[in-house]
>>> print(open('run-v1.pdb').read())   # PDB, C-alpha atoms
ATOM      1  CA  MET A   1      -5.353  27.073   6.527
ATOM      2  CA  SER A   2      -3.258  28.110   3.541
ATOM      3  CA  ASP A   3      -0.330  26.135   4.966
ATOM      4  CA  ILE A   4      -2.519  23.041   5.244
ATOM      5  CA  GLY A   5      -3.768  23.561   1.690
ATOM      6  CA  ASP A   6      -0.217  23.959   0.380
ATOM      7  CA  TRP A   7       0.859  20.798   2.196
ATOM      8  CA  PHE A   8      -2.116  18.861   0.843
ATOM      9  CA  ARG A   9      -1.472  20.018  -2.743
ATOM     10  CA  SER A  10       2.181  19.024  -2.386
ATOM     11  CA  ILE A  11       1.239  15.359  -1.887
ATOM     12  CA  PRO A  12       1.609  13.389  -5.161
ATOM     13  CA  ALA A  13      -1.712  12.912  -6.934
ATOM     14  CA  ILE A  14      -2.527   9.242  -6.316
ATOM     15  CA  THR A  15      -1.446   9.366  -2.677
ATOM     16  CA  ARG A  16      -3.387  12.622  -2.246
ATOM     17  CA  TYR A  17      -6.675  11.099  -3.410
ATOM     18  CA  TRP A  18      -6.092   7.933  -1.390
ATOM     19  CA  PHE A  19      -5.252   9.955   1.723
ATOM     20  CA  ALA A  20      -8.284  12.225   1.273
ATOM     21  CA  ALA A  21     -10.668   9.285   0.855
ATOM     22  CA  THR A  22      -9.211   7.593   3.945
ATOM     23  CA  VAL A  23     -10.008  10.746   5.931
ATOM     24  CA  ALA A  24     -13.396  11.538   4.343
ATOM     25  CA  VAL A  25     -15.080   8.105   4.512
ATOM     26  CA  PRO A  26     -14.439   7.531   8.253
ATOM     27  CA  LEU A  27     -15.608  11.109   8.888
ATOM     28  CA  VAL A  28     -18.862  10.431   7.039
ATOM     29  CA  GLY A  29     -19.430   7.340   9.176
ATOM     30  CA  LYS A  30     -18.437   9.144  12.382
ATOM     31  CA  LEU A  31     -20.911  11.976  11.710
ATOM     32  CA  GLY A  32     -23.678   9.476  10.974
ATOM     33  CA  LEU A  33     -24.314  10.822   7.471
ATOM     34  CA  ILE A  34     -24.225   7.223   6.213
ATOM     35  CA  SER A  35     -24.460   4.172   8.427
ATOM     36  CA  PRO A  36     -21.012   2.538   8.829
ATOM     37  CA  ALA A  37     -22.739  -0.812   8.216
ATOM     38  CA  TYR A  38     -22.734   0.078   4.509
ATOM     39  CA  PHE A  39     -18.943   0.466   4.424
ATOM     40  CA  PHE A  40     -17.858  -3.030   5.483
ATOM     41  CA  LEU A  41     -16.889  -5.754   3.038
ATOM     42  CA  TRP A  42     -19.695  -8.250   3.538
ATOM     43  CA  PRO A  43     -19.502 -10.754   0.657
ATOM     44  CA  GLU A  44     -23.152 -11.762   0.938
ATOM     45  CA  ALA A  45     -24.297  -8.154   0.522
ATOM     46  CA  PHE A  46     -21.902  -7.693  -2.382
ATOM     47  CA  LEU A  47     -22.820 -10.899  -4.194
ATOM     48  CA  TYR A  48     -26.527 -11.262  -3.486
ATOM     49  CA  ARG A  49     -27.740  -7.714  -2.792
ATOM     50  CA  PHE A  50     -25.581  -6.100  -5.506
ATOM     51  CA  GLN A  51     -23.992  -3.633  -3.102
ATOM     52  CA  ILE A  52     -21.005  -3.326  -5.390
ATOM     53  CA  TRP A  53     -19.484  -0.353  -3.577
ATOM     54  CA  ARG A  54     -18.489  -2.378  -0.507
ATOM     55  CA  PRO A  55     -14.961  -3.457  -1.631
ATOM     56  CA  ILE A  56     -14.187   0.222  -2.273
ATOM     57  CA  THR A  57     -15.645   1.711   0.909
ATOM     58  CA  ALA A  58     -14.047  -1.065   2.985
ATOM     59  CA  THR A  59     -10.676   0.118   1.653
ATOM     60  CA  PHE A  60     -11.148   3.658   2.952
ATOM     61  CA  TYR A  61     -13.288   3.188   6.069
ATOM     62  CA  PHE A  62     -12.000   2.697   9.599
ATOM     63  CA  PRO A  63     -14.172   2.826  12.758
ATOM     64  CA  VAL A  64     -12.544   5.745  14.560
ATOM     65  CA  GLY A  65     -13.293   5.854  18.273
ATOM     66  CA  PRO A  66     -11.631   6.162  21.691
ATOM     67  CA  GLY A  67     -10.137   2.692  21.412
ATOM     68  CA  THR A  68      -9.107   2.836  17.743
ATOM     69  CA  GLY A  69      -8.215   6.481  17.098
ATOM     70  CA  PHE A  70      -4.490   6.081  17.733
ATOM     71  CA  LEU A  71      -4.269   2.995  15.512
ATOM     72  CA  TYR A  72      -6.081   4.907  12.756
ATOM     73  CA  LEU A  73      -3.756   7.920  12.980
ATOM     74  CA  VAL A  74      -0.628   5.747  12.983
ATOM     75  CA  ASN A  75      -1.710   3.911   9.850
ATOM     76  CA  LEU A  76      -2.785   7.175   8.205
ATOM     77  CA  TYR A  77       0.763   8.383   8.809
ATOM     78  CA  PHE A  78       2.162   5.194   7.273
ATOM     79  CA  LEU A  79      -0.094   5.710   4.235
ATOM     80  CA  TYR A  80       1.145   9.260   3.719
ATOM     81  CA  GLN A  81       4.823   8.485   4.291
ATOM     82  CA  TYR A  82       5.331   5.298   2.311
ATOM     83  CA  SER A  83       2.860   5.864  -0.494
ATOM     84  CA  THR A  84       4.459   9.272  -1.081
ATOM     85  CA  ARG A  85       7.933   7.748  -1.080
ATOM     86  CA  LEU A  86       6.994   5.050  -3.555
ATOM     87  CA  GLU A  87       5.089   7.395  -5.853
ATOM     88  CA  THR A  88       7.922   9.934  -5.930
ATOM     89  CA  GLY A  89      10.732   7.360  -5.775
ATOM     90  CA  ALA A  90      10.610   4.005  -7.548
ATOM     91  CA  PHE A  91       7.467   5.035  -9.473
ATOM     92  CA  ASP A  92       8.456   8.630 -10.145
ATOM     93  CA  GLY A  93       7.003   9.723 -13.489
ATOM     94  CA  ARG A  94       5.025   6.465 -13.823
ATOM     95  CA  PRO A  95       1.629   7.110 -12.213
ATOM     96  CA  ALA A  96      -0.061   4.390 -14.285
ATOM     97  CA  ASP A  97       2.356   1.763 -12.958
ATOM     98  CA  TYR A  98       1.839   2.931  -9.384
ATOM     99  CA  LEU A  99      -1.937   2.898  -9.728
ATOM    100  CA  PHE A 100      -1.727  -0.598 -11.208
ATOM    101  CA  MET A 101       0.304  -1.738  -8.201
ATOM    102  CA  LEU A 102      -2.415  -0.437  -5.870
ATOM    103  CA  LEU A 103      -5.146  -2.086  -7.934
ATOM    104  CA  PHE A 104      -3.260  -5.406  -8.056
ATOM    105  CA  ASN A 105      -2.678  -5.365  -4.293
ATOM    106  CA  TRP A 106      -6.282  -4.326  -3.637
ATOM    107  CA  ILE A 107      -7.727  -7.149  -5.755
ATOM    108  CA  CYS A 108      -5.464  -9.702  -4.067
ATOM    109  CA  ILE A 109      -6.510  -8.419  -0.637
ATOM    110  CA  VAL A 110     -10.219  -8.583  -1.504
ATOM    111  CA  VAL A 111      -9.823 -12.161  -2.749
ATOM    112  CA  SER A 112      -7.767 -13.194   0.273
ATOM    113  CA  PHE A 113     -10.375 -11.777   2.662
ATOM    114  CA  ARG A 114     -13.088 -13.652   0.785
ATOM    115  CA  LEU A 115     -11.205 -16.943   0.984
ATOM    116  CA  SER A 116      -9.545 -16.609   4.396
ATOM    117  CA  PHE A 117     -11.443 -18.216   7.273
ATOM    118  CA  TRP A 118      -9.669 -15.982   9.838
ATOM    119  CA  ALA A 119     -10.452 -12.750   7.965
ATOM    120  CA  ARG A 120     -14.191 -13.249   7.539
ATOM    121  CA  ASN A 121     -14.993 -11.406  10.753
ATOM    122  CA  ASN A 122     -12.605  -8.565   9.897
ATOM    123  CA  GLN A 123     -14.010  -6.950   6.778
ATOM    124  CA  LEU A 124     -11.990  -3.722   6.492
ATOM    125  CA  LEU A 125      -9.179  -3.352   3.974
ATOM    126  CA  MET A 126      -7.498  -0.080   4.935
ATOM    127  CA  ILE A 127      -4.635  -1.527   6.975
ATOM    128  CA  PRO A 128      -3.847  -4.472   4.621
ATOM    129  CA  LEU A 129      -3.510  -2.144   1.615
ATOM    130  CA  ILE A 130      -1.298   0.293   3.527
ATOM    131  CA  MET A 131       0.862  -2.588   4.758
ATOM    132  CA  SER A 132       1.239  -3.968   1.234
ATOM    133  CA  VAL A 133       2.609  -0.600   0.066
ATOM    134  CA  LEU A 134       4.893  -0.339   3.094
ATOM    135  CA  TYR A 135       6.183  -3.859   2.391
ATOM    136  CA  VAL A 136       7.081  -2.982  -1.215
ATOM    137  CA  TRP A 137       8.920   0.147  -0.055
ATOM    138  CA  ALA A 138      10.797  -1.858   2.583
ATOM    139  CA  GLN A 139      11.924  -4.456   0.033
ATOM    140  CA  LEU A 140      13.085  -1.828  -2.449
ATOM    141  CA  ASN A 141      15.109  -0.260   0.378
ATOM    142  CA  ARG A 142      15.868  -3.433   2.267
ATOM    143  CA  ASP A 143      19.443  -2.626   3.355
ATOM    144  CA  MET A 144      18.717   0.913   4.532
ATOM    145  CA  ILE A 145      19.005   1.304   8.307
ATOM    146  CA  VAL A 146      15.779   2.793   9.668
ATOM    147  CA  SER A 147      14.863   4.126  13.080
ATOM    148  CA  PHE A 148      11.667   3.271  14.880
ATOM    149  CA  TRP A 149      10.195   4.125  18.264
ATOM    150  CA  PHE A 150      12.523   4.549  21.260
ATOM    151  CA  GLY A 151      15.564   4.782  18.985
ATOM    152  CA  THR A 152      15.527   1.167  17.803
ATOM    153  CA  ARG A 153      17.421   0.707  14.532
ATOM    154  CA  PHE A 154      17.278  -2.151  12.043
ATOM    155  CA  LYS A 155      17.254  -2.858   8.314
ATOM    156  CA  ALA A 156      14.214  -1.681   6.362
ATOM    157  CA  CYS A 157      13.396  -5.227   5.258
ATOM    158  CA  TYR A 158      12.319  -5.978   8.843
ATOM    159  CA  LEU A 159      10.096  -2.897   9.131
ATOM    160  CA  PRO A 160       6.800  -4.549   7.994
ATOM    161  CA  TRP A 161       7.177  -7.244  10.622
ATOM    162  CA  VAL A 162       8.078  -4.760  13.350
ATOM    163  CA  ILE A 163       4.982  -2.727  12.457
ATOM    164  CA  LEU A 164       2.898  -5.926  12.469
ATOM    165  CA  GLY A 165       3.862  -6.433  16.097
ATOM    166  CA  PHE A 166       3.478  -2.737  16.899
ATOM    167  CA  ASN A 167      -0.038  -2.534  15.440
ATOM    168  CA  TYR A 168      -1.019  -5.675  17.329
ATOM    169  CA  ILE A 169       0.152  -4.137  20.617
ATOM    170  CA  ILE A 170      -1.850  -0.934  20.075
ATOM    171  CA  GLY A 171      -5.009  -2.787  19.083
ATOM    172  CA  GLY A 172      -4.647  -4.006  15.521
ATOM    173  CA  SER A 173      -5.169  -7.442  14.051
ATOM    174  CA  VAL A 174      -2.269  -9.673  13.070
ATOM    175  CA  ILE A 175      -4.395 -10.970  10.193
ATOM    176  CA  ASN A 176      -4.696  -7.509   8.647
ATOM    177  CA  GLU A 177      -0.972  -6.853   8.737
ATOM    178  CA  LEU A 178      -0.074 -10.401   7.703
ATOM    179  CA  ILE A 179      -2.325 -10.338   4.635
ATOM    180  CA  GLY A 180      -0.908  -6.945   3.676
ATOM    181  CA  ASN A 181       2.661  -8.226   3.968
ATOM    182  CA  LEU A 182       1.913 -11.371   1.965
ATOM    183  CA  VAL A 183       0.206  -9.430  -0.813
ATOM    184  CA  GLY A 184       3.073  -6.918  -0.877
ATOM    185  CA  HIS A 185       5.519  -9.814  -1.146
ATOM    186  CA  LEU A 186       3.542 -11.327  -4.021
ATOM    187  CA  TYR A 187       3.653  -8.060  -5.937
ATOM    188  CA  PHE A 188       7.347  -7.502  -5.207
ATOM    189  CA  PHE A 189       8.242 -11.036  -6.252
ATOM    190  CA  LEU A 190       6.277 -10.928  -9.522
ATOM    191  CA  MET A 191       7.287  -7.378 -10.386
ATOM    192  CA  PHE A 192      10.942  -7.215  -9.378
ATOM    193  CA  ARG A 193      12.455 -10.365  -7.933
ATOM    194  CA  TYR A 194      11.315 -13.072 -10.343
ATOM    195  CA  PRO A 195      11.887 -11.292 -13.692
ATOM    196  CA  MET A 196      14.955  -9.267 -12.662
ATOM    197  CA  ASP A 197      16.911 -11.483 -10.257
ATOM    198  CA  LEU A 198      15.762 -14.954 -11.255
ATOM    199  CA  GLY A 199      15.421 -14.402 -15.005
ATOM    200  CA  GLY A 200      11.782 -15.428 -15.132
ATOM    201  CA  ARG A 201       9.009 -14.131 -17.330
ATOM    202  CA  ASN A 202       7.132 -10.954 -16.561
ATOM    203  CA  PHE A 203       3.644 -11.884 -15.362
ATOM    204  CA  LEU A 204       2.429  -8.358 -14.635
ATOM    205  CA  SER A 205       1.740  -5.670 -17.199
ATOM    206  CA  THR A 206       0.015  -2.338 -16.718
ATOM    207  CA  PRO A 207      -3.056  -2.074 -18.994
ATOM    208  CA  GLN A 208      -2.704   0.385 -21.840
ATOM    209  CA  PHE A 209      -5.843   2.298 -20.847
ATOM    210  CA  LEU A 210      -4.090   3.320 -17.623
ATOM    211  CA  TYR A 211      -1.190   4.725 -19.655
ATOM    212  CA  ARG A 212      -3.659   6.669 -21.783
ATOM    213  CA  TRP A 213      -5.336   7.981 -18.642
ATOM    214  CA  LEU A 214      -2.106   8.602 -16.698
ATOM    215  CA  PRO A 215       0.734   8.943 -19.243
ATOM    216  CA  SER A 216       4.312   8.491 -18.091
ATOM    217  CA  ARG A 217       6.275  11.699 -17.704
ATOM    218  CA  ARG A 218       9.709  10.376 -18.613
ATOM    219  CA  GLY A 219       9.682   9.882 -22.334
ATOM    220  CA  GLY A 220       7.723   6.795 -23.260
ATOM    221  CA  VAL A 221       5.828   4.106 -21.442
ATOM    222  CA  SER A 222       7.452   2.095 -18.692
ATOM    223  CA  GLY A 223       6.168  -1.429 -18.308
ATOM    224  CA  PHE A 224       6.350  -3.789 -15.388
ATOM    225  CA  GLY A 225       9.591  -5.645 -15.048
ATOM    226  CA  VAL A 226      11.574  -2.489 -15.814
ATOM    227  CA  PRO A 227      13.664  -1.566 -12.757
ATOM    228  CA  PRO A 228      13.343   1.894 -11.241
ATOM    229  CA  ALA A 229      16.056   4.412 -12.090
ATOM    230  CA  SER A 230      17.970   3.832  -8.842
ATOM    231  CA  MET A 231      18.168   0.098  -9.595
ATOM    232  CA  ARG A 232      19.275   0.664 -13.166
ATOM    233  CA  ARG A 233      22.114   2.875 -11.932
ATOM    234  CA  ALA A 234      23.150   0.238  -9.405
ATOM    235  CA  ALA A 235      23.076  -2.444 -12.105
ATOM    236  CA  ASP A 236      25.199  -0.289 -14.412
ATOM    237  CA  GLN A 237      27.758   0.230 -11.672
ATOM    238  CA  ASN A 238      27.941  -3.527 -11.205
ATOM    239  CA  GLY A 239      28.585  -4.096 -14.867
ATOM    240  CA  GLY A 240      25.056  -5.253 -15.595
ATOM    241  CA  GLY A 241      25.524  -8.668 -14.021
ATOM    242  CA  GLY A 242      24.788 -10.404 -10.760
ATOM    243  CA  ARG A 243      22.085  -9.624  -8.300
ATOM    244  CA  HIS A 244      20.490  -6.207  -7.942
ATOM    245  CA  ASN A 245      21.255  -3.851  -5.084
ATOM    246  CA  TRP A 246      17.907  -3.332  -3.341
ATOM    247  CA  GLY A 247      19.315  -0.996  -0.692
ATOM    248  CA  GLN A 248      18.839   2.407  -2.328
ATOM    249  CA  GLY A 249      16.243   4.473  -0.499
ATOM    250  CA  PHE A 250      15.224   6.805   2.301
ATOM    251  CA  ARG A 251      15.578   6.834   6.028
ATOM    252  CA  LEU A 252      12.461   6.450   8.141
ATOM    253  CA  GLY A 253      11.185   9.897   9.047
ATOM    254  CA  ASP A 254      12.884  11.756   6.192
ATOM    255  CA  GLN A 255      10.613  14.158   4.379
TER     256      GLN A 255
END
>>> encode(input="run-v1.pdb", output="structure tokens")
Amino acid sequence: MSDIGDWFRSIPAITRYWFAATVAVPLVGKLGLISPAYFFLWPEAFLYRFQIWRPITATFYFPVGPGTGFLYLVNLYFLYQYSTRLETGAFDGRPADYLFMLLFNWICIVVSFRLSFWARNNQLLMIPLIMSVLYVWAQLNRDMIVSFWFGTRFKACYLPWVILGFNYIIGGSVINELIGNLVGHLYFFLMFRYPMDLGGRNFLSTPQFLYRWLPSRRGGVSGFGVPPASMRRAADQNGGGGRHNWGQGFRLGDQ
């Protein structure tokens, strides 16, 4: 038990709380302590019955059962792996910026599920949010060669789409993964691609109250549109001009 506790405490803070909630909420529903019907994102209940907790519980709940347990565990693994890598990699020392990324992606996913005709019968947000984080990681490490099941190898930029197909085969919904990928692309484009590669304005900015709550640990506040340290080093090596090298990163399965 001490080994499990040490492992759990070693997870970076934001990922640790997200991971714990994604385990605890399905367990509460599975044990029948609270009816799972209260965890789904039903817009009518949210808007007209003032059940304001539903967008939050729908982010952490997943109906674990004989037909969905493997899908749940696979996506729980993706949450742990890629959220940890982002929080300790591109967002190292900038917890406020990482939390803002999760909040931005979460809000976009909630809105897309409200507006999407195909998503109205699929009111759980766990997989889309995990996929949006995985997509951002894959784009920041797009040229890294990763390994997947059965020894297949390909560039990291293709990983979200491979996992989309994989989740569909084992019982997932293409809509969940597709919305997650699209939201992750929106964040990546507005945060990195548009201001850094295309010279556009910076549309995203972390609110100051998040910096006061979660101060940066690397001397000063880092705002959105500032490249991670690995990208700044790559830009310096290239003389500060041209396009950024997005290939710095980790191999799939590295700890």
>>> atom_distance(input="run-v1.pdb", atom1="CA of Thr22 (chain A)", atom2="CA of Ile52 (chain A)")
18.6 Å
>>> resolve_selection(input="run-v1.pdb", expression="the PyMOL selection byres ((chain A and resi 182-187) around 10)", output="PyMOL selection string")
chain A and resi 101-102+104-109+112+128-139+160+177-181+188-193+204
>>> write_last_selection(input="run-v1.pdb", atoms="C-alpha atoms", output="PDB file, in the frame of the given file")
ATOM      1  CA  MET A 101       0.304  -1.738  -8.201  1.00  0.00           C
ATOM      2  CA  LEU A 102      -2.415  -0.437  -5.870  1.00  0.00           C
ATOM      3  CA  PHE A 104      -3.260  -5.406  -8.056  1.00  0.00           C
ATOM      4  CA  ASN A 105      -2.678  -5.365  -4.293  1.00  0.00           C
ATOM      5  CA  TRP A 106      -6.282  -4.326  -3.637  1.00  0.00           C
ATOM      6  CA  ILE A 107      -7.727  -7.149  -5.755  1.00  0.00           C
ATOM      7  CA  CYS A 108      -5.464  -9.702  -4.067  1.00  0.00           C
ATOM      8  CA  ILE A 109      -6.510  -8.419  -0.637  1.00  0.00           C
ATOM      9  CA  SER A 112      -7.767 -13.194   0.273  1.00  0.00           C
ATOM     10  CA  PRO A 128      -3.847  -4.472   4.621  1.00  0.00           C
ATOM     11  CA  LEU A 129      -3.510  -2.144   1.615  1.00  0.00           C
ATOM     12  CA  ILE A 130      -1.298   0.293   3.527  1.00  0.00           C
ATOM     13  CA  MET A 131       0.862  -2.588   4.758  1.00  0.00           C
ATOM     14  CA  SER A 132       1.239  -3.968   1.234  1.00  0.00           C
ATOM     15  CA  VAL A 133       2.609  -0.600   0.066  1.00  0.00           C
ATOM     16  CA  LEU A 134       4.893  -0.339   3.094  1.00  0.00           C
ATOM     17  CA  TYR A 135       6.183  -3.859   2.391  1.00  0.00           C
ATOM     18  CA  VAL A 136       7.081  -2.982  -1.215  1.00  0.00           C
ATOM     19  CA  TRP A 137       8.920   0.147  -0.055  1.00  0.00           C
ATOM     20  CA  ALA A 138      10.797  -1.858   2.583  1.00  0.00           C
ATOM     21  CA  GLN A 139      11.924  -4.456   0.033  1.00  0.00           C
ATOM     22  CA  PRO A 160       6.800  -4.549   7.994  1.00  0.00           C
ATOM     23  CA  GLU A 177      -0.972  -6.853   8.737  1.00  0.00           C
ATOM     24  CA  LEU A 178      -0.074 -10.401   7.703  1.00  0.00           C
ATOM     25  CA  ILE A 179      -2.325 -10.338   4.635  1.00  0.00           C
ATOM     26  CA  GLY A 180      -0.908  -6.945   3.676  1.00  0.00           C
ATOM     27  CA  ASN A 181       2.661  -8.226   3.968  1.00  0.00           C
ATOM     28  CA  PHE A 188       7.347  -7.502  -5.207  1.00  0.00           C
ATOM     29  CA  PHE A 189       8.242 -11.036  -6.252  1.00  0.00           C
ATOM     30  CA  LEU A 190       6.277 -10.928  -9.522  1.00  0.00           C
ATOM     31  CA  MET A 191       7.287  -7.378 -10.386  1.00  0.00           C
ATOM     32  CA  PHE A 192      10.942  -7.215  -9.378  1.00  0.00           C
ATOM     33  CA  ARG A 193      12.455 -10.365  -7.933  1.00  0.00           C
ATOM     34  CA  LEU A 204       2.429  -8.358 -14.635  1.00  0.00           C
TER      35      LEU A 204
END
>>> atom_distance(input="run-v1.pdb", atom1="CA of Ser216 (chain A)", atom2="CA of Tyr98 (chain A)")
10.6 Å
>>> atom_distance(input="run-v1.pdb", atom1="CA of Pro215 (chain A)", atom2="CA of Arg94 (chain A)")
7.3 Å
>>> closest_residue(input="run-v1.pdb", among="A:Phe100, A:Leu33, A:Val25, A:Glu44", to="Pro63 (chain A)", atoms="all atoms listed in the file")
A:Val25
>>> resolve_selection(input="run-v1.pdb", expression="the PyMOL selection byres ((chain A and resi 93) around 7)", output="short mmCIF file (atom, residue, chain, number, x, y, z; two decimals) with C-alpha atoms, keeping the file's coordinate frame")
data_model
loop_
_atom_site.label_atom_id
_atom_site.label_comp_id
_atom_site.auth_asym_id
_atom_site.auth_seq_id
_atom_site.Cartn_x
_atom_site.Cartn_y
_atom_site.Cartn_z
CA PHE A 91 7.47 5.04 -9.47
CA ASP A 92 8.46 8.63 -10.14
CA ARG A 94 5.03 6.46 -13.82
CA PRO A 95 1.63 7.11 -12.21
CA SER A 216 4.31 8.49 -18.09
CA ARG A 217 6.28 11.70 -17.70
CA ARG A 218 9.71 10.38 -18.61
#
>>> residues_near_point(input="run-v1.pdb", point="(15.1, -2.1, 4.5)", cutoff="7 Å", atoms="all atoms listed in the file", output="PyMOL selection string")
chain A and resi 138-139+141-145+155-159+247
>>> axis_aligned_box(input="run-v1.pdb", around="region 181-198 of chain A", padding_each_side="4 Å", output="AutoDock Vina command-line options")
--center_x 8.6 --center_y -10.9 --center_z -4.9 --size_x 24.7 --size_y 16.0 --size_z 25.7
